[in-house]
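The structure appears below as structure tokens.
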Amino acid sequence: MLIQTRTHGFVHPTSSDITPQAAYQNRRQLMQRIAAGAAGTGMASWATREAFAQTARPGKLAALAGGKSAVAGAMTVEKITPYADATSYNNFYEFGTDKADPGHNAHTLKTTPWTVEVEGLVKKPAKYTLEDLLKLSPMEERIYRLRCVEGWSMVLPWVGYSMSELIKKVEPLGSAKYVEFVSLADPKTMPFVGSRVLDWPYVEALRLDEAMHPLALLGFGMYGEVLPNQSGAPVRMVLPWKYGFKSGKSIVKIRFTDKQPGTAWNKAASQEYGFYSNVNPEVDHPRWSQASERRIGEDGLFAKKRKTLMFNGYEAQVGQLYAGMDLKKNF
Ligand SMILES: Nc1nc2c(c(=O)[nH]1)N[C@H]1C(S)=C(S)[C@@H](COP(=O)(O)O)O[C@H]1N2
Ligand SMILES: [Mo]
């Protein structure tokens with residue numbers, strides 16, 4: 001049965017033997033010093049910080065720098081997960097269900113040319129090339145937590161801009177209530193598309209007001225570089241207050257609808273994965289608790305777990321979106 005064979009259950013992370021990204025840790029410390037001691041010199045501090053960011057790139061892929069984000073809550077003050085961990089422990093089922101599979105297999109993904117088709121209930125449907133999208137709005141750096149429903153989390157420095165920038169350009173009609181995000185499903189380059197583990201293509205969806213929230217990111221890069229393939233190149237969603245599976249990778253279509261779309265994990269196991277999928281320590285997954293999590297690359301197998309925070313720590317920013325809703329029913 002599907003549910004038994006899926007590996008989207010709790011998986012113990014392998015203990016990390018990977019050296020932390022020293023440059024990034026240094027940069028963290030610099031930022032913390034700036035935050036602690038340089039109030040009132042914001043612009044000068046940012047210039048220093050930005051200069052530092054240039055030297056902190058892993059140097060593996062093309063540079064993609066982001067400027068300072070003005071979005072509240074966009075810069076989590078926590079230790080950044082080492083690049084090597086973030087790129088070797090992934091969920092991207094199109095490339096296999098083991099955490100190491102995407103890192104090994106995703107080199108076959110062809111990210112140029114790339115287009116994203118925006119359609120449905122909008123005044124200005126359009127086909128955007130990746131180049132169009134890269135120019136659509138200034139790039140920002142956002143340091144977000146990402147927590148998987150499986151019980152692990154990371155803190156990553158993303159590069160992108162609020163997806164609201166794109167949404168405003170296409171002018172949703174008054175009837176548009178939801179936004180659907182469709183991932184590439186190319187059996188020629190994605191070896192596990194066609195496997196029975198999920199319905200392909202991978203689809204995620206948001207309510208329009210969730211998609212318009214400034215924290216909802218259209219991500220093009222991380223660690224000051226373009227996204228590595230296993231992380232969802234060349235463009236993905238990043239919704240820091242929702243479980244990781246809401247952040248669809250390698251997006252090729254964005255569709256505006258008036259009805260709540262079916263989503264990949266909800267279709268696979270609706271009793272386990274609801275439409276909203278907000279990080280919520282008070283609503284357990286039917287097969288395991290959601291009260292705590294393990295930080296990848298930092299916490300060893302026997303290290304104490306961290307408490308999971310409501311909306312993954314973004315409650316002040318996004319709580320209002322769900323005011324009056326029963327989050328045990330709308331999980
Ligand atoms: N297309 C696609 N997007 C996807 C997935 C996937 O299998 N396919 N997995 C999701 C899940 S379950 C998680 S936790 C995050 C993981 O992102 P990361 O590998 O960058 O940490 O991607 C999400 N986006
Ligand atoms: Mo996940």
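For the structure tokens, the naming scheme is as follows: chains receive sequential letters (A, B, ...) according to their order of presentation, residues are indexed from 1 within each chain, and ligands are indexed from 1 in presentation order.
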| task | Taking only C-alpha atoms and all ligand atoms into account, report as a PyMOL selection string which residues have an atom no farther than 9 Å from an atom of ligand 1. | result | chain A and resi 8+86-97+99+102+146-150+152-154+156+182-185+198+201-204+230-232+236-238+243-251+264-265
Selection above as a file: C-alpha atoms, as a compact mmCIF listing (two decimals), in the first residue's frame:
# COMPACT_ATOMS: atom_id res chain seq x y z
CA HIS A 8 7.88 10.40 3.91
CA ALA A 86 21.58 21.86 3.01
CA THR A 87 22.59 20.36 -0.33
CA SER A 88 22.97 16.71 0.67
CA TYR A 89 19.86 16.19 2.81
CA ASN A 90 16.88 16.95 0.58
CA ASN A 91 13.36 16.00 -0.30
CA PHE A 92 12.85 16.17 -4.05
CA TYR A 93 10.98 12.99 -4.88
CA GLU A 94 11.36 13.48 -8.62
CA PHE A 95 14.98 12.42 -8.01
CA GLY A 96 14.41 9.66 -5.45
CA THR A 97 13.05 9.26 -1.95
CA LYS A 99 17.63 12.21 1.47
CA PRO A 102 18.52 14.52 -5.04
CA LEU A 146 12.52 25.51 6.93
CA ARG A 147 10.88 22.72 8.91
CA CYS A 148 9.92 19.44 7.31
CA VAL A 149 6.84 17.57 8.48
CA GLU A 150 9.22 14.68 9.20
CA TRP A 152 13.91 18.13 10.99
CA SER A 153 14.70 21.73 10.26
CA MET A 154 17.34 23.97 8.70
CA LEU A 156 19.01 28.85 5.16
CA VAL A 182 3.16 23.23 -10.51
CA SER A 183 6.63 21.69 -10.53
CA LEU A 184 8.36 20.36 -13.63
CA ALA A 185 7.57 16.69 -14.30
CA LEU A 198 3.10 10.62 -5.77
CA PRO A 201 3.48 16.75 -11.46
CA TYR A 202 4.14 17.79 -7.86
CA VAL A 203 1.54 20.49 -7.10
CA GLU A 204 1.24 22.84 -4.16
CA GLN A 230 18.61 19.52 -5.65
CA SER A 231 17.25 22.61 -3.87
CA GLY A 232 14.71 23.34 -6.60
CA ARG A 236 11.00 27.53 -6.09
CA MET A 237 8.58 28.58 -3.40
CA VAL A 238 9.74 29.16 0.19
CA TYR A 243 5.89 22.53 6.51
CA GLY A 244 8.58 22.09 3.86
CA PHE A 245 6.36 20.22 1.46
CA LYS A 246 4.37 23.40 0.73
CA SER A 247 7.53 24.88 -0.79
CA GLY A 248 7.35 23.38 -4.28
CA LYS A 249 10.57 23.21 -6.28
CA SER A 250 11.44 23.83 -9.94
CA ILE A 251 8.18 25.66 -10.67
CA ALA A 264 0.38 16.41 -4.11
CA TRP A 265 0.63 15.32 -0.48
Which residues in stretch 156-231 of chain A does DSSP call alpha helix (DSSP H)? List them as a short mmCIF file (atom, residue, chain, number, x, y, z; two decimals) with N, CA and C atoms, in the first residue's frame.
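That gives us part17.cif:
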data_model
loop_
_atom_site.label_atom_id
_atom_site.label_comp_id
_atom_site.auth_asym_id
_atom_site.auth_seq_id
_atom_site.Cartn_x
_atom_site.Cartn_y
_atom_site.Cartn_z
N MET A 163 6.70 36.66 -3.57
CA MET A 163 5.95 36.24 -4.76
C MET A 163 4.82 37.22 -5.07
N SER A 164 4.49 38.06 -4.09
CA SER A 164 3.47 39.10 -4.33
C SER A 164 3.90 40.04 -5.47
N GLU A 165 5.20 40.21 -5.67
CA GLU A 165 5.68 41.09 -6.75
C GLU A 165 5.21 40.58 -8.11
N LEU A 166 5.32 39.27 -8.29
CA LEU A 166 4.86 38.66 -9.55
C LEU A 166 3.33 38.68 -9.62
N ILE A 167 2.70 38.37 -8.50
CA ILE A 167 1.23 38.30 -8.49
C ILE A 167 0.61 39.65 -8.86
N LYS A 168 1.22 40.74 -8.33
CA LYS A 168 0.70 42.08 -8.65
C LYS A 168 0.81 42.37 -10.15
N LYS A 169 1.88 41.90 -10.76
CA LYS A 169 2.09 42.15 -12.19
C LYS A 169 1.00 41.50 -13.06
N VAL A 170 0.51 40.32 -12.67
CA VAL A 170 -0.46 39.61 -13.52
C VAL A 170 -1.90 39.98 -13.19
N LEU A 208 -4.94 32.88 -1.90
CA LEU A 208 -4.33 34.07 -2.50
C LEU A 208 -3.71 35.00 -1.45
N ASP A 209 -4.39 35.15 -0.31
CA ASP A 209 -3.84 36.06 0.71
C ASP A 209 -2.57 35.50 1.35
N GLU A 210 -2.44 34.19 1.41
CA GLU A 210 -1.18 33.60 1.90
C GLU A 210 -0.05 33.87 0.90
N ALA A 211 -0.38 33.70 -0.38
CA ALA A 211 0.63 33.91 -1.43
C ALA A 211 1.06 35.37 -1.47
#
| field | Filtered DSSP result for stretch 89-329 of chain A, state strand (DSSP E or B), as a PyMOL selection string | value | chain A and resi 115-120+122+126-129+140-147+152-162+172+178-183+193+195+203-207+217-222+225-226+236-238+242+251-257+278+285+288+292-295+306-307
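With only C-alpha atoms and all ligand atoms as the basis for measurement, A:Val279 is the residue among A:Leu218, A:Val279, A:Leu121, A:Val159 that approaches ligand 2 most closely.
The nearest approach to A:Tyr314 among the residues A:Val122, A:Met75, A:Ile296, A:Ala176, with only C-alpha atoms taken into account, belongs to A:Met75.
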| request: Find, counting only C-alpha atoms and all ligand atoms, the residue in A:Gly174, A:Val77, A:Asp98, A:Glu282 that gets nearest to ligand 2. | output: A:Asp98
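Distance check against A:Thr308 using only C-alpha atoms: of A:Phe331, A:Arg295, A:Pro281, A:Lys135, the minimum falls on A:Pro281.
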| request: Skip A:Ala62 itself and residues of its chain fewer than 6 positions away, then list as a PyMOL selection string all residues within 10 Å of it, counting only C-alpha atoms. | output: chain A and resi 221+224-228
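The residue that comes closest to ligand 2, out of A:Phe302, A:Tyr273, A:Tyr322, A:Phe311 and on the basis of only C-alpha atoms and all ligand atoms, is A:Tyr273.
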| query | Which residue gives the smallest distance to ligand 2 among A:Ala56, A:Pro187, A:Val193, A:Ser277, with only C-alpha atoms and all ligand atoms counted? | reply | A:Ser277
